[in-house]
$ cat query.txt   # compact mmCIF, C-alpha atoms
# COMPACT_ATOMS: atom_id res chain seq x y z
CA MET X 27 -34.43 46.77 19.96
CA THR X 28 -34.57 48.85 23.12
CA THR X 29 -35.40 46.29 25.76
CA VAL X 30 -34.45 42.66 25.76
CA ASP X 31 -36.44 40.04 27.59
CA LEU X 32 -33.66 37.74 28.82
CA ASP X 33 -36.14 35.05 29.86
CA ALA X 34 -37.42 34.96 26.29
CA VAL X 35 -33.84 34.65 25.01
CA ARG X 36 -33.23 31.75 27.37
CA GLU X 37 -36.44 30.09 26.22
CA ILE X 38 -35.46 30.35 22.55
CA ALA X 39 -31.97 28.98 23.21
CA ALA X 40 -33.27 26.17 25.44
CA ALA X 41 -35.77 25.07 22.79
CA VAL X 42 -33.05 24.19 20.25
CA ASP X 43 -32.98 20.44 19.56
CA ASP X 44 -29.86 18.41 20.21
CA PRO X 45 -28.70 17.35 16.71
CA GLU X 46 -27.78 13.83 17.85
CA LEU X 47 -30.69 13.31 20.25
CA PRO X 48 -33.54 14.99 18.35
CA HIS X 49 -36.11 14.03 20.99
CA VAL X 50 -34.54 16.32 23.59
CA THR X 51 -33.63 20.00 23.57
CA ILE X 52 -30.39 21.51 24.82
CA GLY X 53 -32.51 23.00 27.64
CA ASP X 54 -33.58 19.46 28.64
CA LEU X 55 -29.91 18.48 28.73
CA GLY X 56 -29.03 21.38 31.00
CA MET X 57 -26.59 22.92 28.53
CA VAL X 58 -27.82 26.55 28.67
CA ARG X 59 -25.63 28.15 31.31
CA THR X 60 -26.07 31.93 31.39
CA VAL X 61 -28.05 34.57 29.53
CA ALA X 62 -26.89 38.09 30.31
CA LEU X 63 -26.86 41.60 28.94
CA ASP X 64 -23.47 43.25 28.65
CA ALA X 65 -22.83 46.61 27.00
CA GLY X 66 -26.12 46.42 25.13
CA ARG X 67 -25.44 42.97 23.72
CA VAL X 68 -26.99 39.66 24.75
CA HIS X 69 -24.46 37.03 25.78
CA VAL X 70 -25.45 33.38 25.91
CA THR X 71 -23.11 30.72 27.28
CA LEU X 72 -23.60 27.00 26.80
CA THR X 73 -21.78 24.07 28.39
CA PRO X 74 -20.60 21.38 25.97
CA THR X 75 -21.38 17.83 27.08
CA TYR X 76 -18.29 15.89 26.00
CA THR X 77 -15.01 17.65 25.16
CA GLY X 78 -14.92 16.04 21.73
CA CYS X 79 -18.65 15.98 21.00
CA PRO X 80 -18.95 16.58 17.24
CA ALA X 81 -22.37 18.18 17.72
CA THR X 82 -20.89 21.16 19.57
CA GLU X 83 -20.32 23.34 16.50
CA GLU X 84 -23.76 22.53 15.14
CA ILE X 85 -25.44 23.40 18.44
CA LEU X 86 -23.69 26.78 18.46
CA ALA X 87 -24.84 27.45 14.90
CA ASP X 88 -28.41 26.33 15.67
CA VAL X 89 -28.67 28.58 18.73
CA ARG X 90 -27.27 31.54 16.79
CA SER X 91 -29.73 31.07 13.96
CA ALA X 92 -32.71 30.53 16.33
CA LEU X 93 -31.89 33.81 18.06
CA ALA X 94 -31.28 35.60 14.77
CA ALA X 95 -34.67 34.39 13.53
CA ALA X 96 -36.23 36.09 16.57
CA ASP X 97 -34.29 39.24 15.66
CA ILE X 98 -32.00 38.96 18.68
CA ASP X 99 -28.37 39.94 18.20
CA ALA X 100 -26.47 37.70 20.58
CA GLU X 101 -22.96 36.49 21.26
CA VAL X 102 -23.15 32.72 21.79
CA LYS X 103 -20.24 30.70 23.09
CA MET X 104 -19.29 27.52 24.89
CA VAL X 105 -17.74 27.63 28.36
CA MET X 106 -15.90 24.66 29.83
CA SER X 107 -16.18 25.52 33.48
CA PRO X 108 -18.04 24.34 35.47
CA ALA X 109 -17.92 21.00 33.66
CA TRP X 110 -21.22 19.62 32.45
CA THR X 111 -22.65 16.68 34.34
CA THR X 112 -25.56 14.41 33.51
CA ASP X 113 -27.04 15.51 36.86
CA TRP X 114 -28.05 18.71 35.02
CA ILE X 115 -30.47 16.86 32.73
CA THR X 116 -33.94 18.01 33.76
CA THR X 117 -36.74 15.75 34.99
CA ALA X 118 -38.64 16.46 31.76
CA GLY X 119 -35.48 15.62 29.79
CA ARG X 120 -35.13 12.29 31.59
CA GLU X 121 -38.72 11.38 30.77
CA LYS X 122 -38.23 12.29 27.10
CA LEU X 123 -35.12 10.12 26.94
CA ARG X 124 -36.95 7.18 28.50
CA ALA X 125 -39.87 7.63 26.10
CA ALA X 126 -37.38 7.55 23.20
CA GLY X 127 -35.99 4.22 24.43
CA ILE X 128 -32.84 5.62 26.07
CA ALA X 129 -32.37 4.87 29.77
CA PRO X 130 -31.68 8.17 31.59
CA PRO X 131 -28.42 8.43 33.54
CA ALA X 132 -28.05 7.47 37.18
CA PRO X 133 -26.78 10.21 39.54
CA ALA X 134 -23.14 10.91 38.66
CA GLY X 135 -21.77 11.44 42.16
CA GLU X 136 -19.01 13.69 43.40
CA HIS X 137 -15.90 11.79 42.45
CA PRO X 138 -15.46 11.75 38.69
CA THR X 139 -13.21 8.73 38.34
CA VAL X 140 -15.13 6.38 40.59
CA MET X 141 -17.47 4.38 38.39
CA LEU X 142 -20.73 3.50 40.03
CA ASP X 143 -22.34 0.61 38.23
CA LEU X 144 -25.87 1.14 39.51
CA PRO X 145 -28.54 -1.10 37.98
CA VAL X 146 -30.09 0.51 34.91
CA ALA X 147 -33.82 0.01 34.34
CA CYS X 148 -34.91 -1.10 30.86
CA PRO X 149 -36.71 1.86 29.23
CA ARG X 150 -39.18 -0.54 27.57
CA CYS X 151 -40.26 -3.00 30.26
CA GLY X 152 -38.82 -1.36 33.39
CA SER X 153 -36.91 -4.46 34.51
CA ARG X 154 -33.63 -3.91 36.31
CA ARG X 155 -32.28 -7.22 35.04
CA THR X 156 -30.13 -5.50 32.44
CA ARG X 157 -26.55 -5.92 31.33
CA ARG X 158 -24.03 -3.33 30.11
CA LEU X 159 -22.50 -4.54 26.85
CA GLY X 160 -19.84 -1.86 26.54
CA ASP X 161 -18.94 1.74 27.28
CA PHE X 162 -19.39 3.27 23.84
CA GLY X 163 -22.59 3.54 21.82
CA ALA X 164 -23.64 5.39 18.69
CA THR X 165 -22.73 8.70 20.36
CA ALA X 166 -20.14 9.50 23.02
CA CYS X 167 -22.82 10.03 25.68
CA LYS X 168 -24.48 6.61 25.50
CA ALA X 169 -23.54 3.01 26.29
CA PRO X 170 -25.13 -0.14 24.83
CA PHE X 171 -27.18 -2.38 27.16
CA ARG X 172 -29.39 -5.44 26.89
CA CYS X 173 -32.47 -6.24 28.94
CA GLU X 174 -32.41 -9.84 30.21
CA ALA X 175 -36.17 -9.72 30.90
CA CYS X 176 -37.60 -8.54 27.56
CA LYS X 177 -34.40 -9.39 25.62
CA GLU X 178 -34.37 -6.02 23.85
CA PRO X 179 -31.15 -4.07 23.31
CA PHE X 180 -31.25 -0.44 24.37
CA GLU X 181 -28.95 2.50 25.00
CA SER X 182 -28.34 4.17 28.32
CA PHE X 183 -27.11 7.71 28.90
CA LYS X 184 -23.76 7.39 30.68
CA SER X 185 -23.49 9.03 34.10
CA LEU X 186 -20.84 11.68 33.81
CA MET Z 27 14.27 35.85 31.09
CA THR Z 28 12.09 37.00 33.95
CA ASP Z 29 10.41 34.50 36.25
CA THR Z 30 7.10 35.13 34.52
CA SER Z 31 8.44 34.39 31.07
CA VAL Z 32 10.19 31.23 32.29
CA LEU Z 33 6.89 30.07 33.79
CA ASN Z 34 5.04 30.99 30.63
CA ALA Z 35 7.46 28.98 28.48
CA SER Z 36 7.11 26.00 30.83
CA LEU Z 37 3.33 26.26 30.70
CA LEU Z 38 3.31 26.38 26.90
CA ASN Z 39 5.58 23.34 26.82
CA HIS Z 40 3.33 21.45 29.23
CA VAL Z 41 0.14 22.30 27.34
CA LEU Z 42 1.65 21.25 24.00
CA ARG Z 43 2.98 18.00 25.45
CA HIS Z 44 -0.50 16.95 26.47
CA GLY Z 45 -2.20 18.33 23.37
CA ASP Z 46 0.25 16.34 21.22
CA ARG Z 47 -0.23 13.23 23.36
CA ALA Z 48 -3.99 13.41 22.78
CA LEU Z 49 -3.82 14.30 19.06
CA VAL Z 50 -1.32 11.61 18.06
CA LEU Z 51 -3.21 8.87 19.92
CA ALA Z 52 -6.51 10.10 18.44
CA GLN Z 53 -4.98 9.72 14.96
CA ARG Z 54 -3.68 6.21 15.72
CA LEU Z 55 -7.10 5.08 17.00
CA GLY Z 56 -8.81 6.58 13.97
CA GLN Z 57 -6.80 4.16 11.83
CA TRP Z 58 -8.76 1.27 13.39
CA VAL Z 59 -12.12 2.49 12.17
CA ALA Z 60 -13.65 -0.15 9.86
CA HIS Z 61 -10.79 -2.55 10.73
CA SER Z 62 -11.68 -3.53 14.30
CA PRO Z 63 -12.44 -7.12 15.35
CA GLU Z 64 -16.14 -6.20 15.76
CA LEU Z 65 -18.51 -3.33 15.04
CA GLU Z 66 -18.81 -2.36 18.72
CA GLU Z 67 -15.05 -1.99 18.87
CA ASP Z 68 -15.05 0.31 15.83
CA MET Z 69 -17.47 2.53 17.72
CA ALA Z 70 -15.54 2.34 20.98
CA LEU Z 71 -12.17 3.22 19.44
CA ALA Z 72 -13.74 6.00 17.36
CA ASN Z 73 -15.40 7.43 20.48
CA ILE Z 74 -12.15 7.34 22.45
CA SER Z 75 -10.40 8.96 19.49
CA LEU Z 76 -13.00 11.75 19.42
CA ASP Z 77 -12.67 12.40 23.14
CA LEU Z 78 -8.90 12.70 22.72
CA LEU Z 79 -9.28 14.97 19.70
CA GLY Z 80 -11.61 17.17 21.75
CA GLN Z 81 -9.05 17.37 24.55
CA ALA Z 82 -6.31 18.21 22.03
CA ARG Z 83 -8.38 21.05 20.56
CA VAL Z 84 -8.93 22.62 23.98
CA LEU Z 85 -5.23 22.32 24.79
CA TYR Z 86 -4.09 23.76 21.43
CA THR Z 87 -6.51 26.67 21.74
CA TYR Z 88 -5.11 27.34 25.18
CA ALA Z 89 -1.53 26.97 23.89
CA ALA Z 90 -2.27 29.67 21.31
CA ALA Z 91 -3.46 32.00 24.07
CA VAL Z 92 -0.40 31.28 26.26
CA GLU Z 93 1.97 31.71 23.32
CA GLY Z 94 0.34 34.99 22.31
CA LEU Z 95 1.54 34.99 18.68
CA GLY Z 96 -1.91 34.93 17.11
CA HIS Z 97 -1.84 31.23 16.21
CA ASP Z 98 -4.90 28.99 16.41
CA GLU Z 99 -5.46 25.29 17.15
CA ASP Z 100 -4.91 24.32 13.50
CA HIS Z 101 -1.44 25.85 13.53
CA PHE Z 102 -0.29 23.42 16.23
CA ALA Z 103 -1.91 20.39 14.62
CA TYR Z 104 -1.05 20.99 10.97
CA TRP Z 105 1.92 23.29 10.64
CA ARG Z 106 4.55 21.93 12.97
CA GLU Z 107 7.27 19.45 12.03
CA PRO Z 108 7.77 16.09 13.80
CA GLY Z 109 10.63 17.45 15.93
CA GLU Z 110 8.29 20.10 17.32
CA PHE Z 111 5.80 17.52 18.60
CA ARG Z 112 6.26 16.69 22.27
CA ASN Z 113 4.09 13.61 22.71
CA PRO Z 114 5.42 10.65 24.68
CA LEU Z 115 6.71 7.87 22.42
CA ILE Z 116 4.05 5.32 23.37
CA VAL Z 117 1.22 7.09 21.53
CA GLU Z 118 3.04 7.14 18.18
CA GLN Z 119 3.75 3.39 18.24
CA PRO Z 120 2.02 1.56 15.36
CA ASN Z 121 -1.27 -0.19 16.07
CA GLY Z 122 0.15 -3.69 15.56
CA ASP Z 123 -2.45 -6.35 16.23
CA PHE Z 124 -5.44 -5.63 18.46
CA ALA Z 125 -3.54 -6.76 21.58
CA HIS Z 126 -0.74 -4.26 20.85
CA THR Z 127 -3.33 -1.50 20.53
CA ILE Z 128 -4.96 -2.55 23.81
CA ALA Z 129 -1.62 -2.67 25.64
CA ARG Z 130 -0.75 0.81 24.35
CA GLN Z 131 -4.19 2.13 25.24
CA PHE Z 132 -4.27 0.59 28.71
CA LEU Z 133 -0.83 1.97 29.67
CA HIS Z 134 -1.77 5.37 28.27
CA ASP Z 135 -5.19 5.45 29.98
CA ALA Z 136 -3.81 4.34 33.36
CA TYR Z 137 -1.42 7.30 33.16
CA ALA Z 138 -4.01 9.72 31.77
CA VAL Z 139 -6.54 9.04 34.54
CA ALA Z 140 -3.87 9.63 37.21
CA HIS Z 141 -2.72 12.78 35.38
CA TRP Z 142 -6.16 14.36 34.98
CA GLU Z 143 -7.23 13.39 38.47
CA ALA Z 144 -4.22 15.31 39.85
CA MET Z 145 -4.79 18.23 37.44
CA ARG Z 146 -8.29 18.83 38.83
CA SER Z 147 -6.64 20.82 41.63
CA SER Z 148 -4.39 22.82 39.29
CA THR Z 149 -4.14 26.54 40.09
CA ASP Z 150 -4.57 27.17 36.34
CA ASP Z 151 -8.32 27.62 35.79
CA THR Z 152 -8.33 26.46 32.15
CA LEU Z 153 -6.39 23.30 32.90
CA ALA Z 154 -8.46 22.54 36.01
CA ALA Z 155 -11.71 22.94 34.03
CA LEU Z 156 -10.48 20.63 31.29
CA ALA Z 157 -9.23 18.14 33.91
CA ASN Z 158 -12.68 17.92 35.48
CA ARG Z 159 -14.11 16.77 32.16
CA ALA Z 160 -11.14 14.77 30.94
CA ALA Z 161 -10.88 12.80 34.21
CA LYS Z 162 -14.40 11.48 33.65
CA GLU Z 163 -13.95 10.78 29.94
CA THR Z 164 -10.62 9.07 30.48
CA SER Z 165 -12.10 6.83 33.19
CA PHE Z 166 -14.41 5.33 30.56
CA HIS Z 167 -11.41 4.80 28.28
CA LEU Z 168 -9.52 3.03 31.06
CA ARG Z 169 -12.47 0.79 31.93
CA HIS Z 170 -12.61 -0.22 28.27
CA SER Z 171 -8.88 -0.85 27.73
CA ARG Z 172 -8.44 -2.56 31.09
CA GLY Z 173 -11.48 -4.73 30.35
CA TRP Z 174 -9.89 -5.97 27.13
CA LEU Z 175 -6.48 -6.44 28.77
CA VAL Z 176 -8.11 -8.77 31.32
CA ARG Z 177 -10.35 -10.59 28.80
CA LEU Z 178 -7.47 -11.29 26.45
CA GLY Z 179 -4.86 -11.97 29.14
CA ASP Z 180 -7.16 -14.26 31.12
CA GLY Z 181 -8.72 -15.77 27.99
CA THR Z 182 -7.50 -18.57 25.75
CA ASP Z 183 -3.88 -19.69 25.41
CA GLU Z 184 -3.65 -17.83 22.11
CA SER Z 185 -5.21 -14.59 23.39
CA HIS Z 186 -2.96 -14.75 26.47
CA ARG Z 187 0.12 -15.22 24.32
CA ARG Z 188 -0.77 -12.27 22.09
CA MET Z 189 -1.75 -9.99 24.97
CA GLN Z 190 1.57 -10.75 26.69
CA ALA Z 191 3.40 -9.98 23.43
CA GLY Z 192 1.55 -6.69 23.16
CA LEU Z 193 2.37 -5.76 26.73
CA ASP Z 194 6.03 -6.69 26.23
CA ALA Z 195 6.20 -4.47 23.14
CA MET Z 196 4.60 -1.40 24.76
CA TRP Z 197 6.03 -1.71 28.26
CA PRO Z 198 9.38 0.00 27.55
CA PHE Z 199 7.47 3.16 26.56
CA ALA Z 200 5.40 3.31 29.76
CA ALA Z 201 8.20 4.54 32.01
CA GLU Z 202 8.54 7.79 30.09
CA LEU Z 203 4.92 8.74 30.80
CA ALA Z 204 5.25 9.66 34.47
CA ALA Z 205 8.91 10.70 34.29
CA ARG Z 206 9.00 14.47 34.02
CA ASP Z 207 11.61 16.28 36.02
CA ASP Z 208 11.75 19.51 34.06
CA GLU Z 209 8.31 20.76 35.11
CA GLU Z 210 9.49 21.63 38.60
CA PRO Z 211 8.61 25.36 38.29
CA LEU Z 212 5.05 24.44 37.32
CA ARG Z 213 4.83 22.07 40.28
CA GLN Z 214 6.00 24.68 42.72
CA SER Z 215 3.43 27.17 41.47
CA GLY Z 216 0.65 24.56 41.72
CA VAL Z 217 -0.09 24.55 37.98
CA VAL Z 218 0.88 20.89 37.71
CA PRO Z 219 0.11 19.27 41.06
CA ASP Z 220 1.43 15.79 40.41
CA SER Z 221 1.08 14.40 43.89
CA GLY Z 222 0.62 10.70 43.58
CA VAL Z 223 0.51 10.47 39.77
CA ARG Z 224 3.31 7.95 39.54
CA PHE Z 225 1.98 5.99 42.50
CA ALA Z 226 -1.57 5.79 41.09
CA PHE Z 227 -0.21 4.88 37.65
CA ASP Z 228 2.04 2.10 39.04
CA ALA Z 229 -0.77 0.73 41.23
CA GLU Z 230 -3.22 0.59 38.30
CA MET Z 231 -0.66 -1.18 36.09
CA ALA Z 232 0.20 -3.73 38.79
CA SER Z 233 -3.40 -4.60 39.64
CA ALA Z 234 -4.55 -4.88 36.01
CA VAL Z 235 -1.57 -6.98 34.92
CA ALA Z 236 -2.16 -9.35 37.86
CA GLU Z 237 -5.91 -9.60 37.16
CA ALA Z 238 -5.13 -10.35 33.51
CA THR Z 239 -2.77 -13.17 34.61
CA LEU Z 240 -0.01 -11.48 32.63
CA THR Z 241 3.60 -11.00 33.62
CA ALA Z 242 4.91 -7.49 34.04
CA PRO Z 243 8.13 -7.15 32.06
CA GLU Z 244 11.14 -5.91 33.94
CA ARG Z 245 10.97 -2.27 34.87
CA VAL Z 246 12.73 -0.01 32.41
CA ASP Z 247 14.40 3.08 33.74
CA VAL Z 248 14.48 5.90 31.27
CA ALA Z 249 16.29 9.18 31.15
CA THR Z 250 14.06 12.03 32.25
CA SER Z 251 15.01 14.08 29.25
CA GLY Z 252 15.62 13.45 25.58
CA GLY Z 253 12.50 11.35 24.92
CA GLY Z 254 9.26 12.01 23.12
CA TRP Z 255 8.20 14.68 25.61
CA ASP Z 256 11.26 16.63 24.40
CA GLY Z 257 10.69 16.13 20.70
CA ALA Z 258 12.96 13.11 20.04
CA HIS Z 259 10.72 10.68 18.16
CA SER Z 260 10.72 7.30 16.48
CA GLU Z 261 10.47 6.96 12.71
CA HIS Z 262 6.73 6.30 13.11
CA LEU Z 263 5.73 9.87 13.93
CA PRO Z 264 6.67 11.56 10.60
CA ILE Z 265 4.58 9.03 8.66
CA LEU Z 266 1.60 9.53 10.97
CA LEU Z 267 1.91 13.30 10.68
CA ASP Z 268 2.18 13.13 6.88
CA GLU Z 269 -1.28 11.58 6.75
CA LEU Z 270 -2.67 13.92 9.37
CA GLN Z 271 -1.32 17.10 7.78
CA VAL Z 272 -1.47 16.43 4.05
CA LEU Z 273 -4.89 17.94 3.41
CA ALA Z 274 -4.29 21.12 5.39
CA ARG Z 275 -0.92 21.58 3.68
CA ALA Z 276 -2.31 20.94 0.20
CA HIS Z 277 -4.88 23.70 0.72
CA PRO Z 278 -3.29 26.30 3.00
CA GLY Z 279 -5.83 28.54 4.68
CA ALA Z 280 -8.81 26.45 3.59
CA THR Z 281 -11.69 26.38 6.04
CA TRP Z 282 -14.86 24.37 6.31
$ encode --input "query.txt" --output "structure tokens"
Amino acid sequence: MTTVDLDAVREIAAAVDDPELPHVTIGDLGMVRTVALDAGRVHVTLTPTYTGCPATEEILADVRSALAAADIDAEVKMVMSPAWTTDWITTAGREKLRAAGIAPPAPAGEHPTVMLDLPVACPRCGSRRTRRLGDFGATACKAPFRCEACKEPFESFKSL
Amino acid sequence: MTDTSVLNASLLNHVLRHGDRALVLAQRLGQWVAHSPELEEDMALANISLDLLGQARVLYTYAAAVEGLGHDEDHFAYWREPGEFRNPLIVEQPNGDFAHTIARQFLHDAYAVAHWEAMRSSTDDTLAALANRAAKETSFHLRHSRGWLVRLGDGTDESHRRMQAGLDAMWPFAAELAARDDEEPLRQSGVVPDSGVRFAFDAEMASAVAEATLTAPERVDVATSGGGWDGAHSEHLPILLDELQVLARAHPGATW
């Protein structure tokens, strides 16, 4: 390979599905940080969402194999800094989450340890009469809610 | 030793203390899975455990780099003896009943939030980056544990009695958390900016205990050396580590 189209590399990496949220890609989640060429090798860095997210290793493997399938030899790794925030989830990503029944996160704000309990709209009926049932859902990134209007339970992406 | 090597040894000690704190508590919380009072609590404690395990992995990986002996994260988790672990004593305390676990978790989380919040301005880039993530994650843990402390404390007579018993049992181990006098070199160099950690920790404990209508036991003053942070542990840690390490030690070098 003599020339590498870095935009194409980014596109391939961004199109990898999140293993725990199969309706969104890691591009939708804002996890693809940098794509660069260094000493003839492509370097891709990703930002993990939660420190202990068990999907991290799988995402790395999926990105490596997606790039390998396109015949791109790349070094793929996770970088911790700057820390991922739900504010990086794209507009398209938010819509996909809502369509899948997961309320997208509210803006996270500057101060990490101040918890803003903004009203969360029900992804099914749109009502803001909803109640947080806890802080921990089926994955680290979501919290369980109930809609008091349509009575349906749903999950909401935590603002982080 | 030169100044640099003294600082390096202090940094390694600090990183392992917090890696061990996170790993041992992660293991304790994992023991609740499938035994919690309700399904949602199984998920909550497992999620908190995973966050802590993630923090421990980052810290152990960094410890390996600081130490420079070619070790990896697994070395620190699986191949050290109890006396080499530097976690504070509170995290190795047995789960007891649910109220004991909540008391332990609340006291730990109140400290951890104050710790990570201060560490966000560390001059050490790796620790500051981790702190930015861990401060957020730990805030969710604290909201959860404080929520239960208040529900149980300000609940029925029986839940109040048991929550008070849990708090009484864990309280003596809280003082050790914010008592670290031997990290002065790291403070001076800005690696461990601990401005206000003890104050924030004390304020959180006081407000939560009052909201929960519980009574704070008498303050316990502890020595600033010779505790869990220095490797002197209760009999509970070796048993916990036996379970944690048995598989890795039965199959040395195995990977998955």
$ closest_atom_pairs --input "query.txt" --of "region 97-177 of chain Z" --to "region 48-52 of chain Z" --cutoff "10 Å" --atoms "all atoms listed in the file" --output "JSON lines"
{"residue": "Z:Ala103", "atom": "CA", "partner": "Z:Leu49", "partner_atom": "CA", "distance": 7.8}
{"residue": "Z:Phe111", "atom": "CA", "partner": "Z:Val50", "partner_atom": "CA", "distance": 9.3}
{"residue": "Z:Asn113", "atom": "CA", "partner": "Z:Val50", "partner_atom": "CA", "distance": 7.4}
{"residue": "Z:Pro114", "atom": "CA", "partner": "Z:Val50", "partner_atom": "CA", "distance": 9.5}
{"residue": "Z:Leu115", "atom": "CA", "partner": "Z:Val50", "partner_atom": "CA", "distance": 9.9}
{"residue": "Z:Ile116", "atom": "CA", "partner": "Z:Leu51", "partner_atom": "CA", "distance": 8.8}
{"residue": "Z:Val117", "atom": "CA", "partner": "Z:Leu51", "partner_atom": "CA", "distance": 5.0}
{"residue": "Z:Glu118", "atom": "CA", "partner": "Z:Val50", "partner_atom": "CA", "distance": 6.2}
{"residue": "Z:Gln119", "atom": "CA", "partner": "Z:Leu51", "partner_atom": "CA", "distance": 9.0}
{"residue": "Z:Arg130", "atom": "CA", "partner": "Z:Leu51", "partner_atom": "CA", "distance": 9.5}
{"residue": "Z:Gln131", "atom": "CA", "partner": "Z:Leu51", "partner_atom": "CA", "distance": 8.6}
{"residue": "Z:His134", "atom": "CA", "partner": "Z:Leu51", "partner_atom": "CA", "distance": 9.2}
{"residue": "Z:Ala138", "atom": "CA", "partner": "Z:Ala48", "partner_atom": "CA", "distance": 9.7}
$ interface_residues --input "query.txt" --of "chain X" --to "chain Z" --cutoff "7 Å" --atoms "only C-alpha atoms" --output "list in words"
Thr77, Gly78, Met106, Ser107, Pro108, Ala109, Pro138, Thr139, Asp161, Phe162, Gly163, Ala164, Ala166 and Leu186 of chain X
$ atom_distance --input "query.txt" --atom1 "CA of Arg172 (chain Z)" --atom2 "CA of Asp46 (chain Z)"
23.0 Å
$ closest_residue --input "query.txt" --among "X:Leu47, X:Ile38, X:Ile52, X:Ala62" --to "Ala96 (chain X)" --atoms "all atoms listed in the file"
X:Ile38
$ atom_distance --input "query.txt" --atom1 "CA of Ala125 (chain X)" --atom2 "CA of Asp44 (chain X)"
15.8 Å
$ atom_distance --input "query.txt" --atom1 "CA of Thr87 (chain Z)" --atom2 "CA of Pro80 (chain X)"
16.6 Å
$ residues_around --input "query.txt" --residues "Cys176 (chain X)" --least-positions-apart "2" --cutoff "10 Å" --atoms "all atoms listed in the file" --output "VMD selection string"
chain X and resid 148 150 to 153 155 to 156 172 to 174 178 to 179
$ residues_around --input "query.txt" --residues "Pro120 (chain Z)" --least-positions-apart "2" --cutoff "10 Å" --atoms "only C-alpha atoms" --output "PyMOL selection string"
chain Z and resi 54-55+57+116-118+122-123+126-127+130+262-263+266
$ residues_around --input "query.txt" --residues "Pro170 (chain X)" --least-positions-apart "3" --cutoff "6 Å" --atoms "only C-alpha atoms" --output "PDB file with C-alpha atoms, in the coordinates of the input"
ATOM      1  CA  LEU X 159     -22.500  -4.540  26.850  1.00  0.00           C
ATOM      2  CA  GLY X 160     -19.840  -1.860  26.540  1.00  0.00           C
ATOM      3  CA  GLY X 163     -22.590   3.540  21.820  1.00  0.00           C
ATOM      4  CA  GLU X 181     -28.950   2.500  25.000  1.00  0.00           C
TER       5      GLU X 181
END
$ closest_residue --input "query.txt" --among "Z:Ala258, Z:Ala238, Z:Ala144, Z:Leu175" --to "Ser221 (chain Z)" --atoms "only C-alpha atoms"
Z:Ala144
$ closest_residue --input "query.txt" --among "X:Gly119, X:Gly56, X:Gly127, X:Gly66" --to "Ala39 (chain X)" --atoms "only C-alpha atoms"
X:Gly56
$ residues_around --input "query.txt" --residues "Gln190 (chain Z)" --least-positions-apart "2" --cutoff "8 Å" --atoms "all atoms listed in the file" --output "VMD selection string"
chain Z and resid 179 186 to 188 192 to 194 240 to 241
$ residues_around --input "query.txt" --residues "Leu55 (chain X)" --least-positions-apart "2" --cutoff "7 Å" --atoms "all atoms listed in the file" --output "PyMOL selection string"
chain X and resi 51-53+57+114-116+119
$ closest_residue --input "query.txt" --among "Z:Asp256, Z:Val59, Z:Ser215, Z:Ala35" --to "Thr149 (chain Z)" --atoms "all atoms listed in the file"
Z:Ser215
$ closest_residue --input "query.txt" --among "X:Ser182, X:Pro45, X:Leu72, X:Val58" --to "Asp33 (chain X)" --atoms "all atoms listed in the file"
X:Val58
